[in-house]
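Visitor: Following this line is input22.cif, made up of mmCIF, C-alpha atoms:
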```cif
data_coords
#
loop_
_atom_site.label_atom_id
_atom_site.label_comp_id
_atom_site.auth_asym_id
_atom_site.auth_seq_id
_atom_site.Cartn_x
_atom_site.Cartn_y
_atom_site.Cartn_z
CA MET A 1136 -6.24 20.86 -5.11
CA ASP A 1137 -2.95 22.79 -4.99
CA ASP A 1138 -1.22 20.32 -2.68
CA PRO A 1139 0.72 17.67 -4.58
CA LEU A 1140 -0.18 13.98 -4.69
CA ASN A 1141 2.87 12.06 -3.44
CA LEU A 1142 3.30 8.45 -4.46
CA VAL A 1143 5.96 6.22 -2.91
CA LEU A 1144 6.42 3.42 -5.43
CA PHE A 1145 7.83 0.30 -3.79
CA SER A 1146 6.47 -2.55 -5.91
CA GLY A 1147 7.89 -3.18 -9.34
CA THR A 1148 5.30 -5.48 -10.90
CA ASP A 1149 3.52 -4.27 -14.01
CA ASP A 1150 0.03 -4.34 -12.46
CA LYS A 1151 0.96 -2.10 -9.51
CA LEU A 1152 3.03 0.24 -11.70
CA GLN A 1153 0.06 0.51 -14.09
CA ALA A 1154 -2.25 1.36 -11.17
CA ALA A 1155 0.25 4.02 -10.05
CA ALA A 1156 0.54 5.44 -13.57
CA VAL A 1157 -3.26 5.71 -13.88
CA LEU A 1158 -3.51 7.56 -10.54
CA THR A 1159 -0.70 9.86 -11.70
CA ALA A 1160 -2.36 10.59 -15.03
CA GLY A 1161 -5.73 11.21 -13.36
CA ALA A 1162 -4.27 13.66 -10.86
CA ALA A 1163 -2.23 15.41 -13.57
CA ALA A 1164 -5.36 15.75 -15.72
CA LEU A 1165 -7.00 17.59 -12.81
CA GLY A 1166 -4.06 20.01 -12.62
CA LYS A 1167 -2.66 18.47 -9.44
CA PRO A 1168 1.15 18.26 -9.13
CA VAL A 1169 2.38 14.69 -8.61
CA ASN A 1170 5.64 13.60 -6.95
CA LEU A 1171 6.79 10.00 -7.39
CA PHE A 1172 9.48 8.57 -5.13
CA LEU A 1173 10.98 5.30 -6.38
CA GLN A 1174 12.14 2.69 -3.87
CA TYR A 1175 13.28 -0.91 -4.02
CA TRP A 1176 11.73 -3.01 -6.79
CA ALA A 1177 9.89 -0.09 -8.35
CA LEU A 1178 13.19 1.72 -8.82
CA ASP A 1179 14.65 -1.39 -10.45
CA ALA A 1180 11.83 -1.30 -13.02
CA PHE A 1181 12.91 2.21 -14.14
CA ARG A 1182 16.37 1.05 -15.25
CA THR A 1183 16.99 2.00 -18.88
CA ASP A 1184 17.70 -1.61 -19.80
CA ARG A 1185 14.57 -2.94 -18.07
CA ILE A 1186 11.81 -0.33 -18.34
CA GLU A 1187 10.31 -1.88 -21.49
CA THR A 1188 10.67 -5.50 -20.36
CA ASP A 1189 8.11 -7.69 -18.59
CA HIS A 1190 8.19 -7.11 -14.81
CA GLY A 1191 5.68 -9.78 -13.91
CA LEU A 1192 2.49 -9.34 -11.92
CA SER A 1193 1.57 -9.57 -8.24
CA ALA A 1194 1.60 -13.18 -7.04
CA GLU A 1195 -2.16 -13.10 -6.56
CA ALA A 1196 -2.80 -12.28 -10.25
CA GLY A 1197 -2.51 -15.94 -11.21
CA ALA A 1198 -2.79 -17.35 -14.71
CA ALA A 1199 -6.19 -15.74 -15.39
CA GLY A 1200 -4.84 -12.34 -14.39
CA ARG A 1201 -1.88 -12.80 -16.73
CA VAL A 1202 -4.21 -13.56 -19.62
CA ALA A 1203 -6.38 -10.50 -18.84
CA VAL A 1204 -3.40 -8.12 -18.65
CA ASP A 1205 -1.88 -9.48 -21.87
CA ALA A 1206 -5.19 -9.21 -23.72
CA LEU A 1207 -5.65 -5.55 -22.74
CA ARG A 1208 -2.09 -4.79 -23.77
CA ASP A 1209 -2.60 -6.54 -27.13
CA ALA A 1210 -5.74 -4.43 -27.59
CA GLY A 1211 -3.55 -1.31 -27.48
CA GLN A 1212 -3.41 -0.26 -23.82
CA ALA A 1213 -0.45 2.02 -23.16
CA SER A 1214 2.26 0.60 -20.90
CA TRP A 1215 2.74 2.21 -17.49
CA ALA A 1216 5.91 3.89 -18.77
CA GLU A 1217 4.01 5.38 -21.73
CA THR A 1218 1.19 6.49 -19.41
CA LEU A 1219 3.73 8.25 -17.19
CA ARG A 1220 5.32 9.95 -20.19
CA GLN A 1221 1.88 11.23 -21.23
CA ALA A 1222 1.19 12.41 -17.68
CA LYS A 1223 4.46 14.37 -17.74
CA ASP A 1224 3.40 16.05 -20.98
CA LEU A 1225 0.01 16.83 -19.49
CA GLY A 1226 0.91 18.18 -16.08
CA GLU A 1227 3.48 18.70 -13.36
CA VAL A 1228 4.91 15.26 -12.61
CA ASP A 1229 8.27 14.90 -10.85
CA ILE A 1230 9.92 11.48 -10.50
CA GLN A 1231 12.75 11.03 -7.99
CA ALA A 1232 14.78 7.93 -7.12
CA CYS A 1233 15.32 7.20 -3.42
CA SER A 1234 19.04 7.56 -2.65
CA LEU A 1235 19.04 4.59 -0.24
CA SER A 1236 17.51 2.35 -2.89
CA MET A 1237 20.09 3.57 -5.43
CA ASP A 1238 22.74 2.24 -3.03
CA LEU A 1239 20.84 -1.00 -2.49
CA LEU A 1240 20.67 -1.73 -6.21
CA HIS A 1241 24.14 -0.30 -7.03
CA LEU A 1242 22.65 2.14 -9.52
CA GLU A 1243 23.99 5.39 -10.95
CA PRO A 1244 21.69 8.14 -12.29
CA THR A 1245 22.80 7.26 -15.82
CA ASP A 1246 21.37 3.74 -15.35
CA LEU A 1247 17.85 5.16 -15.14
CA ASP A 1248 15.30 5.98 -17.84
CA PRO A 1249 14.97 9.72 -18.66
CA LEU A 1250 11.52 9.61 -17.00
CA VAL A 1251 13.44 9.89 -13.70
CA ASP A 1252 14.23 13.52 -12.89
CA GLY A 1253 16.75 13.01 -10.11
CA VAL A 1254 17.83 11.30 -6.89
CA GLU A 1255 16.86 12.46 -3.40
CA GLY A 1256 16.61 11.30 0.20
CA VAL A 1257 13.46 10.67 2.17
CA THR A 1258 13.68 14.03 3.97
CA ALA A 1259 13.67 15.89 0.66
CA PHE A 1260 10.69 13.78 -0.40
CA PHE A 1261 8.71 14.80 2.68
CA LEU A 1262 9.61 18.46 2.23
CA ALA A 1263 8.39 18.35 -1.38
CA ALA A 1264 5.25 16.49 -0.29
CA GLY A 1265 4.21 19.39 1.94
CA ASP A 1266 0.60 19.00 3.01
CA GLY A 1267 -0.31 16.68 0.11
CA HIS A 1268 -1.34 13.06 0.45
CA VAL A 1269 1.30 10.37 0.75
CA VAL A 1270 0.33 7.08 -0.90
CA PHE A 1271 2.44 3.90 -0.73
CA ILE A 1272 2.07 1.49 -3.65
CA MET B 382 -13.28 14.80 10.21
CA ASP B 383 -15.65 15.92 7.41
CA ASP B 384 -13.27 14.99 4.61
CA PRO B 385 -13.83 11.46 3.32
CA LEU B 386 -11.40 8.57 3.72
CA ASN B 387 -10.60 7.28 0.24
CA LEU B 388 -9.38 3.71 -0.17
CA VAL B 389 -8.04 2.42 -3.46
CA LEU B 390 -8.39 -1.35 -3.19
CA PHE B 391 -5.97 -3.12 -5.51
CA SER B 392 -5.27 -6.44 -3.75
CA GLY B 393 -7.92 -9.13 -3.70
CA THR B 394 -6.63 -11.48 -1.01
CA ASP B 395 -8.85 -12.02 2.02
CA ASP B 396 -6.33 -10.64 4.53
CA LYS B 397 -5.90 -7.29 2.76
CA LEU B 398 -9.63 -7.00 2.05
CA GLN B 399 -10.32 -7.69 5.74
CA ALA B 400 -7.83 -4.98 6.76
CA ALA B 401 -9.56 -2.58 4.35
CA ALA B 402 -13.00 -3.51 5.71
CA VAL B 403 -11.86 -2.88 9.29
CA LEU B 404 -10.48 0.57 8.37
CA THR B 405 -13.75 1.33 6.56
CA ALA B 406 -15.89 0.25 9.52
CA GLY B 407 -13.73 2.21 11.96
CA ALA B 408 -13.97 5.40 9.92
CA ALA B 409 -17.71 4.94 9.37
CA ALA B 410 -18.20 4.45 13.13
CA LEU B 411 -16.57 7.85 13.64
CA GLY B 412 -18.99 9.46 11.19
CA LYS B 413 -16.40 9.83 8.44
CA PRO B 414 -17.57 9.26 4.85
CA VAL B 415 -15.60 6.51 3.09
CA ASN B 416 -15.08 6.09 -0.65
CA LEU B 417 -13.77 2.76 -1.93
CA PHE B 418 -12.38 2.49 -5.47
CA LEU B 419 -11.96 -1.09 -6.70
CA GLN B 420 -9.13 -1.93 -9.08
CA TYR B 421 -7.59 -5.09 -10.51
CA TRP B 422 -7.70 -8.14 -8.20
CA ALA B 423 -9.78 -6.40 -5.55
CA LEU B 424 -12.48 -5.72 -8.14
CA ASP B 425 -12.40 -9.38 -9.17
CA ALA B 426 -13.17 -10.35 -5.56
CA PHE B 427 -16.43 -8.34 -5.66
CA ARG B 428 -17.91 -10.45 -8.48
CA THR B 429 -21.29 -11.86 -7.45
CA ASP B 430 -20.11 -15.39 -8.13
CA ARG B 431 -16.86 -14.99 -6.17
CA ILE B 432 -17.49 -12.63 -3.25
CA GLU B 433 -18.22 -15.45 -0.80
CA THR B 434 -15.45 -17.75 -2.02
CA ASP B 435 -11.92 -18.10 -0.69
CA HIS B 436 -9.59 -15.46 -2.24
CA GLY B 437 -6.41 -16.70 -0.64
CA LEU B 438 -3.99 -14.73 1.51
CA SER B 439 -0.87 -12.66 0.81
CA ALA B 440 2.05 -14.89 -0.16
CA GLU B 441 3.83 -13.96 3.07
CA ALA B 442 1.01 -15.34 5.27
CA GLY B 443 2.33 -18.87 4.94
CA ALA B 444 0.80 -21.97 6.48
CA ALA B 445 0.72 -20.55 10.02
CA GLY B 446 -1.10 -17.44 8.79
CA ARG B 447 -3.65 -19.61 6.98
CA VAL B 448 -4.34 -21.53 10.20
CA ALA B 449 -4.72 -18.30 12.21
CA VAL B 450 -7.13 -16.72 9.72
CA ASP B 451 -9.25 -19.89 9.49
CA ALA B 452 -9.41 -20.23 13.28
CA LEU B 453 -10.65 -16.65 13.73
CA ARG B 454 -13.25 -17.18 11.01
CA ASP B 455 -14.41 -20.43 12.63
CA ALA B 456 -14.73 -18.51 15.92
CA GLY B 457 -17.32 -16.29 14.26
CA GLN B 458 -15.40 -13.37 12.77
CA ALA B 459 -17.42 -11.60 10.09
CA SER B 460 -16.06 -11.87 6.55
CA TRP B 461 -14.79 -8.69 4.91
CA ALA B 462 -17.92 -8.57 2.77
CA GLU B 463 -20.12 -8.78 5.87
CA THR B 464 -18.02 -6.13 7.59
CA LEU B 465 -18.46 -3.82 4.59
CA ARG B 466 -22.24 -4.42 4.60
CA GLN B 467 -22.35 -3.46 8.29
CA ALA B 468 -20.25 -0.36 7.61
CA LYS B 469 -22.72 0.68 4.88
CA ASP B 470 -25.59 0.33 7.37
CA LEU B 471 -23.63 2.32 9.92
CA GLY B 472 -22.35 5.25 7.89
CA GLU B 473 -21.74 6.82 4.53
CA VAL B 474 -19.78 4.27 2.50
CA ASP B 475 -19.65 4.46 -1.29
CA ILE B 476 -18.06 1.67 -3.34
CA GLN B 477 -17.13 2.31 -6.98
CA ALA B 478 -15.53 0.01 -9.52
CA CYS B 479 -12.68 1.46 -11.61
CA SER B 480 -13.83 1.62 -15.24
CA LEU B 481 -10.39 0.63 -16.58
CA SER B 482 -10.35 -2.47 -14.38
CA MET B 483 -13.90 -3.35 -15.53
CA ASP B 484 -12.47 -3.45 -19.07
CA LEU B 485 -9.44 -5.44 -17.96
CA LEU B 486 -11.59 -8.13 -16.37
CA HIS B 487 -14.37 -8.00 -19.01
CA LEU B 488 -16.98 -7.23 -16.35
CA GLU B 489 -20.41 -5.64 -16.62
CA PRO B 490 -22.04 -3.85 -13.65
CA THR B 491 -24.48 -6.77 -13.33
CA ASP B 492 -21.55 -9.10 -12.65
CA LEU B 493 -20.82 -7.31 -9.36
CA ASP B 494 -22.20 -7.80 -5.85
CA PRO B 495 -24.84 -5.21 -4.78
CA LEU B 496 -22.21 -3.81 -2.36
CA VAL B 497 -20.80 -2.00 -5.40
CA ASP B 498 -22.65 1.27 -6.01
CA GLY B 499 -21.38 2.08 -9.49
CA VAL B 500 -18.54 2.38 -11.98
CA GLU B 501 -16.37 5.47 -12.39
CA GLY B 502 -13.04 6.63 -13.78
CA VAL B 503 -10.01 7.75 -11.81
CA THR B 504 -10.79 11.45 -12.35
CA ALA B 505 -14.23 11.05 -10.76
CA PHE B 506 -12.57 9.20 -7.89
CA PHE B 507 -10.18 12.10 -7.23
CA LEU B 508 -12.99 14.65 -7.44
CA ALA B 509 -15.01 12.69 -4.86
CA ALA B 510 -11.90 12.28 -2.68
CA GLY B 511 -11.61 16.04 -2.30
CA ASP B 512 -9.16 16.90 0.47
CA GLY B 513 -9.52 13.52 2.19
CA HIS B 514 -6.75 10.96 2.57
CA VAL B 515 -6.03 8.55 -0.26
CA VAL B 516 -4.90 5.12 0.89
CA PHE B 517 -3.76 2.33 -1.46
CA ILE B 518 -4.28 -1.22 -0.21
CA MET C 649 3.90 19.82 9.65
CA ASP C 650 2.17 19.44 13.04
CA ASP C 651 -0.23 16.73 11.92
CA PRO C 652 1.14 13.25 12.54
CA LEU C 653 2.15 10.78 9.82
CA ASN C 654 0.12 7.62 10.37
CA LEU C 655 1.44 4.34 9.00
CA VAL C 656 -0.68 1.20 8.99
CA LEU C 657 1.85 -1.63 8.74
CA PHE C 658 0.29 -4.76 7.27
CA SER C 659 3.18 -6.52 5.54
CA GLY C 660 5.84 -8.25 7.60
CA THR C 661 8.60 -8.78 5.06
CA ASP C 662 11.94 -7.14 5.77
CA ASP C 663 11.93 -4.99 2.63
CA LYS C 664 8.54 -3.38 3.36
CA LEU C 665 9.35 -2.96 7.05
CA GLN C 666 12.64 -1.30 6.09
CA ALA C 667 10.79 1.07 3.75
CA ALA C 668 8.37 1.89 6.58
CA ALA C 669 11.23 2.46 9.03
CA VAL C 670 12.96 4.85 6.62
CA LEU C 671 9.77 6.87 6.14
CA THR C 672 9.34 6.96 9.94
CA ALA C 673 12.90 8.11 10.52
CA GLY C 674 12.63 10.76 7.81
CA ALA C 675 9.42 12.18 9.24
CA ALA C 676 10.79 12.09 12.80
CA ALA C 677 13.92 13.93 11.65
CA LEU C 678 11.65 16.71 10.37
CA GLY C 679 9.95 16.94 13.75
CA LYS C 680 6.75 15.28 12.57
CA PRO C 681 4.99 12.93 15.03
CA VAL C 682 4.58 9.41 13.65
CA ASN C 683 1.96 6.83 14.64
CA LEU C 684 2.47 3.22 13.59
CA PHE C 685 -0.43 0.77 13.75
CA LEU C 686 0.61 -2.89 13.43
CA GLN C 687 -1.69 -5.37 11.74
CA TYR C 688 -1.46 -8.95 10.54
CA TRP C 689 1.98 -10.08 9.35
CA ALA C 690 3.67 -6.83 10.37
CA LEU C 691 2.50 -7.36 13.95
CA ASP C 692 3.87 -10.91 13.86
CA ALA C 693 7.30 -9.49 12.97
CA PHE C 694 7.35 -7.43 16.21
CA ARG C 695 7.16 -10.51 18.44
CA THR C 696 10.05 -10.53 20.91
CA ASP C 697 11.15 -13.95 19.70
CA ARG C 698 11.04 -12.99 16.02
CA ILE C 699 11.98 -9.32 15.67
CA GLU C 700 15.65 -10.08 15.00
CA THR C 701 15.03 -13.06 12.72
CA ASP C 702 14.78 -13.11 8.93
CA HIS C 703 11.24 -12.25 7.78
CA GLY C 704 11.82 -12.81 4.10
CA LEU C 705 11.24 -10.37 1.26
CA SER C 706 8.31 -9.59 -1.02
CA ALA C 707 7.74 -12.37 -3.54
CA GLU C 708 8.79 -10.03 -6.36
CA ALA C 709 12.28 -9.44 -4.86
CA GLY C 710 13.58 -12.68 -6.36
CA ALA C 711 17.08 -14.05 -5.96
CA ALA C 712 18.80 -10.86 -7.16
CA GLY C 713 16.84 -8.80 -4.65
CA ARG C 714 17.83 -11.18 -1.86
CA VAL C 715 21.51 -10.77 -2.77
CA ALA C 716 21.21 -6.97 -2.87
CA VAL C 717 19.48 -6.76 0.53
CA ASP C 718 21.99 -9.12 2.16
CA ALA C 719 24.94 -7.19 0.72
CA LEU C 720 23.68 -3.87 2.09
CA ARG C 721 23.06 -5.46 5.48
CA ASP C 722 26.57 -6.96 5.48
CA ALA C 723 27.93 -3.49 4.67
CA GLY C 724 26.48 -2.26 7.97
CA GLN C 725 22.96 -1.04 7.15
CA ALA C 726 20.82 -0.85 10.29
CA SER C 727 17.93 -3.32 10.47
CA TRP C 728 14.39 -1.90 10.36
CA ALA C 729 14.04 -2.54 14.10
CA GLU C 730 17.25 -0.58 14.79
CA THR C 731 16.09 2.21 12.50
CA LEU C 732 12.79 2.41 14.39
CA ARG C 733 14.63 2.51 17.73
CA GLN C 734 16.74 5.42 16.44
CA ALA C 735 13.62 7.19 15.18
CA LYS C 736 12.06 6.85 18.65
CA ASP C 737 15.16 8.43 20.20
CA LEU C 738 15.06 11.21 17.64
CA GLY C 739 11.41 12.17 17.65
CA GLU C 740 7.84 11.43 18.66
CA VAL C 741 7.12 7.91 17.39
CA ASP C 742 4.27 5.87 18.85
CA ILE C 743 3.80 2.20 17.91
CA GLN C 744 0.49 0.48 18.63
CA ALA C 745 -0.62 -3.08 17.95
CA CYS C 746 -4.08 -3.54 16.40
CA SER C 747 -6.31 -5.34 18.93
CA LEU C 748 -8.02 -7.44 16.24
CA SER C 749 -4.68 -8.66 14.95
CA MET C 750 -3.57 -9.48 18.53
CA ASP C 751 -6.58 -11.82 18.66
CA LEU C 752 -5.84 -13.25 15.23
CA LEU C 753 -2.29 -14.17 16.20
CA HIS C 754 -3.14 -15.15 19.81
CA LEU C 755 -0.69 -12.60 21.17
CA GLU C 756 -0.44 -10.94 24.58
CA PRO C 757 1.29 -7.55 25.05
CA THR C 758 4.18 -9.33 26.79
CA ASP C 759 4.84 -11.26 23.57
CA LEU C 760 5.85 -8.04 21.80
CA ASP C 761 9.17 -6.21 21.57
CA PRO C 762 9.47 -3.11 23.81
CA LEU C 763 9.35 -1.00 20.63
CA VAL C 764 5.58 -1.51 20.79
CA ASP C 765 3.96 1.05 23.10
CA GLY C 766 0.52 -0.50 23.48
CA VAL C 767 -2.55 -2.12 21.95
CA GLU C 768 -5.51 -0.21 20.52
CA GLY C 769 -8.50 -0.58 18.20
CA VAL C 770 -8.93 0.98 14.80
CA THR C 771 -11.17 3.77 16.15
CA ALA C 772 -8.44 4.88 18.57
CA PHE C 773 -5.99 4.80 15.67
CA PHE C 774 -8.15 7.13 13.59
CA LEU C 775 -8.67 9.51 16.52
CA ALA C 776 -4.89 9.71 17.07
CA ALA C 777 -4.36 10.16 13.33
CA GLY C 778 -6.39 13.37 13.34
CA ASP C 779 -5.89 15.26 10.10
CA GLY C 780 -2.55 13.59 9.33
CA HIS C 781 -1.90 11.32 6.37
CA VAL C 782 -2.80 7.65 6.59
CA VAL C 783 -0.41 5.39 4.68
CA PHE C 784 -0.92 1.62 4.28
CA ILE C 785 2.25 -0.43 3.80
#
```
Do you think you could lay out the structure here as structure tokens?

Guide:
Amino acid sequence: MDDPLNLVLFSGTDDKLQAAAVLTAGAAALGKPVNLFLQYWALDAFRTDRIETDHGLSAEAGAAGRVAVDALRDAGQASWAETLRQAKDLGEVDIQACSLSMDLLHLEPTDLDPLVDGVEGVTAFFLAAGDGHVVFI
Amino acid sequence: MDDPLNLVLFSGTDDKLQAAAVLTAGAAALGKPVNLFLQYWALDAFRTDRIETDHGLSAEAGAAGRVAVDALRDAGQASWAETLRQAKDLGEVDIQACSLSMDLLHLEPTDLDPLVDGVEGVTAFFLAAGDGHVVFI
Amino acid sequence: MDDPLNLVLFSGTDDKLQAAAVLTAGAAALGKPVNLFLQYWALDAFRTDRIETDHGLSAEAGAAGRVAVDALRDAGQASWAETLRQAKDLGEVDIQACSLSMDLLHLEPTDLDPLVDGVEGVTAFFLAAGDGHVVFI
């Protein structure tokens, strides 16, 4: 259990980010270090001016999925950003933005929510991942 | 090869579920235990009243993809649910519903197809996963 | 670092294929062997007559995402196919088409770009994967 869990977040819809946040919180609760590497549309969702906005759902969610997600949120479910903040308080969670995706989206580190700890390339991500699982979401 | 293969199923479209079923059957044929953890739209597809219905394809499949998938099915390809049943007969395959997603979709265990062995939280999933790979589909 | 990185490519949109190519190149640069296993819509994108065409983006990319991807490409970013070719020059990268998906899409090996090294079943993929990570994209 000492190897980190390494999540490459690609998708930026609220359902996939929530699934990623739950996996992160579960691993952190077990004392497992977690590295998140933000690419593409997931990185876009961590912009300071967007992190609390609605990022939509996967296309397959449909209208019934939208209603279900909204109902759970109205019942008090924490957002994925809140869940990640709690996971950071609980355990060893490091969140890095992919440098190539920073270029793609014309972002500077100051554009990102404080949840993001830094910017790195894919080689640095693999070195930090070590022998731990790599999961693409 | 003693560590289990651990698949987090998030997507509920027939193409991704078929890909997951093929990976499950392949691992089971090699004697590898497989744990499936059903979240969100994948869990919805395992409802007793929906498991045999059409769950659509990924948006990117398009009309040509739809034709290809239907043609293979008409030629006798087993559905993903049938493939999972065969994998369970063949090897050690455990299918658990994510408790958070059960709440999201307002489901009770009796709403799910007998393929599903139980309901558990993400921490129990990680403990069962042990040192085996975690794959998100 | 001797275990291979094993990527199951399912999605055939240019953004996901680019993400996969970057992970491949990063692992190859670190001296890690990489196995790619092409299924469904990803396999379709490796057809000789389609590999250089536009394969679209994930539905969630939207119009702003399209503009960002095109701008980076216009600025000289290598395509995912070029990135994979460079990774093959740099390290040990093996690309196999899934035999079931070859049937689905009615493809013969001669229909595929020379980047693809062969066709194999899922059991062969798992045997080649050994103890290395399995990542589904």

Visitor: Residues within 10 Å of Met750 (chain C), please, as an MDAnalysis selection string. Count only C-alpha atoms; anything in the same chain fewer than 6 positions from it doesn't count.

Guide: chainID C and resid 686:688 691:692 756:757 759 767:768

Visitor: Mind giving me the straight-line distance from CA of Arg1201 (chain A) to CA of Arg428 (chain B) in Å, one decimal?

Guide: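 Separation between CA of Arg1201 (chain A) and CA of Arg428 (chain B): 18.2 Å.
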
Visitor: Report the distance between CA of His514 (chain B) and CA of Leu386 (chain B) in Å, rounded to one decimal place.

Guide: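 A separation of 5.4 Å between them.
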
Visitor: Give me, as a ChimeraX atom specification, the contact residues of chain C against chain B at a cut-off of 12 Å, counting all atoms listed in the file.

Guide: /C:653-662,664,685-693,703-708,746-755,769-785

Visitor: Write a file of the just-selected residues containing C-alpha atoms, as an mmCIF file, in the coordinates of the input.

Guide:
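This went into again04.cif:
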```cif
data_model
loop_
_atom_site.group_PDB
_atom_site.id
_atom_site.type_symbol
_atom_site.label_atom_id
_atom_site.label_comp_id
_atom_site.auth_asym_id
_atom_site.auth_seq_id
_atom_site.Cartn_x
_atom_site.Cartn_y
_atom_site.Cartn_z
ATOM 1 C CA LEU C 653 2.150 10.780 9.820
ATOM 2 C CA ASN C 654 0.120 7.620 10.370
ATOM 3 C CA LEU C 655 1.440 4.340 9.000
ATOM 4 C CA VAL C 656 -0.680 1.200 8.990
ATOM 5 C CA LEU C 657 1.850 -1.630 8.740
ATOM 6 C CA PHE C 658 0.290 -4.760 7.270
ATOM 7 C CA SER C 659 3.180 -6.520 5.540
ATOM 8 C CA GLY C 660 5.840 -8.250 7.600
ATOM 9 C CA THR C 661 8.600 -8.780 5.060
ATOM 10 C CA ASP C 662 11.940 -7.140 5.770
ATOM 11 C CA LYS C 664 8.540 -3.380 3.360
ATOM 12 C CA PHE C 685 -0.430 0.770 13.750
ATOM 13 C CA LEU C 686 0.610 -2.890 13.430
ATOM 14 C CA GLN C 687 -1.690 -5.370 11.740
ATOM 15 C CA TYR C 688 -1.460 -8.950 10.540
ATOM 16 C CA TRP C 689 1.980 -10.080 9.350
ATOM 17 C CA ALA C 690 3.670 -6.830 10.370
ATOM 18 C CA LEU C 691 2.500 -7.360 13.950
ATOM 19 C CA ASP C 692 3.870 -10.910 13.860
ATOM 20 C CA ALA C 693 7.300 -9.490 12.970
ATOM 21 C CA HIS C 703 11.240 -12.250 7.780
ATOM 22 C CA GLY C 704 11.820 -12.810 4.100
ATOM 23 C CA LEU C 705 11.240 -10.370 1.260
ATOM 24 C CA SER C 706 8.310 -9.590 -1.020
ATOM 25 C CA ALA C 707 7.740 -12.370 -3.540
ATOM 26 C CA GLU C 708 8.790 -10.030 -6.360
ATOM 27 C CA CYS C 746 -4.080 -3.540 16.400
ATOM 28 C CA SER C 747 -6.310 -5.340 18.930
ATOM 29 C CA LEU C 748 -8.020 -7.440 16.240
ATOM 30 C CA SER C 749 -4.680 -8.660 14.950
ATOM 31 C CA MET C 750 -3.570 -9.480 18.530
ATOM 32 C CA ASP C 751 -6.580 -11.820 18.660
ATOM 33 C CA LEU C 752 -5.840 -13.250 15.230
ATOM 34 C CA LEU C 753 -2.290 -14.170 16.200
ATOM 35 C CA HIS C 754 -3.140 -15.150 19.810
ATOM 36 C CA LEU C 755 -0.690 -12.600 21.170
ATOM 37 C CA GLY C 769 -8.500 -0.580 18.200
ATOM 38 C CA VAL C 770 -8.930 0.980 14.800
ATOM 39 C CA THR C 771 -11.170 3.770 16.150
ATOM 40 C CA ALA C 772 -8.440 4.880 18.570
ATOM 41 C CA PHE C 773 -5.990 4.800 15.670
ATOM 42 C CA PHE C 774 -8.150 7.130 13.590
ATOM 43 C CA LEU C 775 -8.670 9.510 16.520
ATOM 44 C CA ALA C 776 -4.890 9.710 17.070
ATOM 45 C CA ALA C 777 -4.360 10.160 13.330
ATOM 46 C CA GLY C 778 -6.390 13.370 13.340
ATOM 47 C CA ASP C 779 -5.890 15.260 10.100
ATOM 48 C CA GLY C 780 -2.550 13.590 9.330
ATOM 49 C CA HIS C 781 -1.900 11.320 6.370
ATOM 50 C CA VAL C 782 -2.800 7.650 6.590
ATOM 51 C CA VAL C 783 -0.410 5.390 4.680
ATOM 52 C CA PHE C 784 -0.920 1.620 4.280
ATOM 53 C CA ILE C 785 2.250 -0.430 3.800
#
```

Visitor: Suppose you want the space between CA of Gly457 (chain B) and CA of Asp470 (chain B); what is it in Å?

Guide: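 Pair CA of Gly457 (chain B) / CA of Asp470 (chain B) returns 19.8 Å.
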
Visitor: If the PyMOL selection byres ((chain C and resi 739) around 8) were run on this exact file, what residues would it hold? Put them as a PyMOL selection string.

Guide: chain C and resi 676-677+679-681+735-738+740-741

Visitor: Using all atoms listed in the file, which protein or nucleic acid residues come within 9 Å of Glu433 (chain B)? Drop anything in the same chain fewer than 4 positions from it, and give the result as a list in words.

Guide: Ala426, Phe427, Thr429, Ser460 and Ala462 of chain B

Visitor: Please report, as JSON, the centre and edge lengths in Å to one decimal of an axis-aligned box covering all listed atoms of region 403-418 of chain B with 3 Å per side.

Guide:
```
{"center_x": -14.7, "center_y": 3.5, "center_z": 4.1, "size_x": 14.5, "size_y": 18.7, "size_z": 25.1}
```
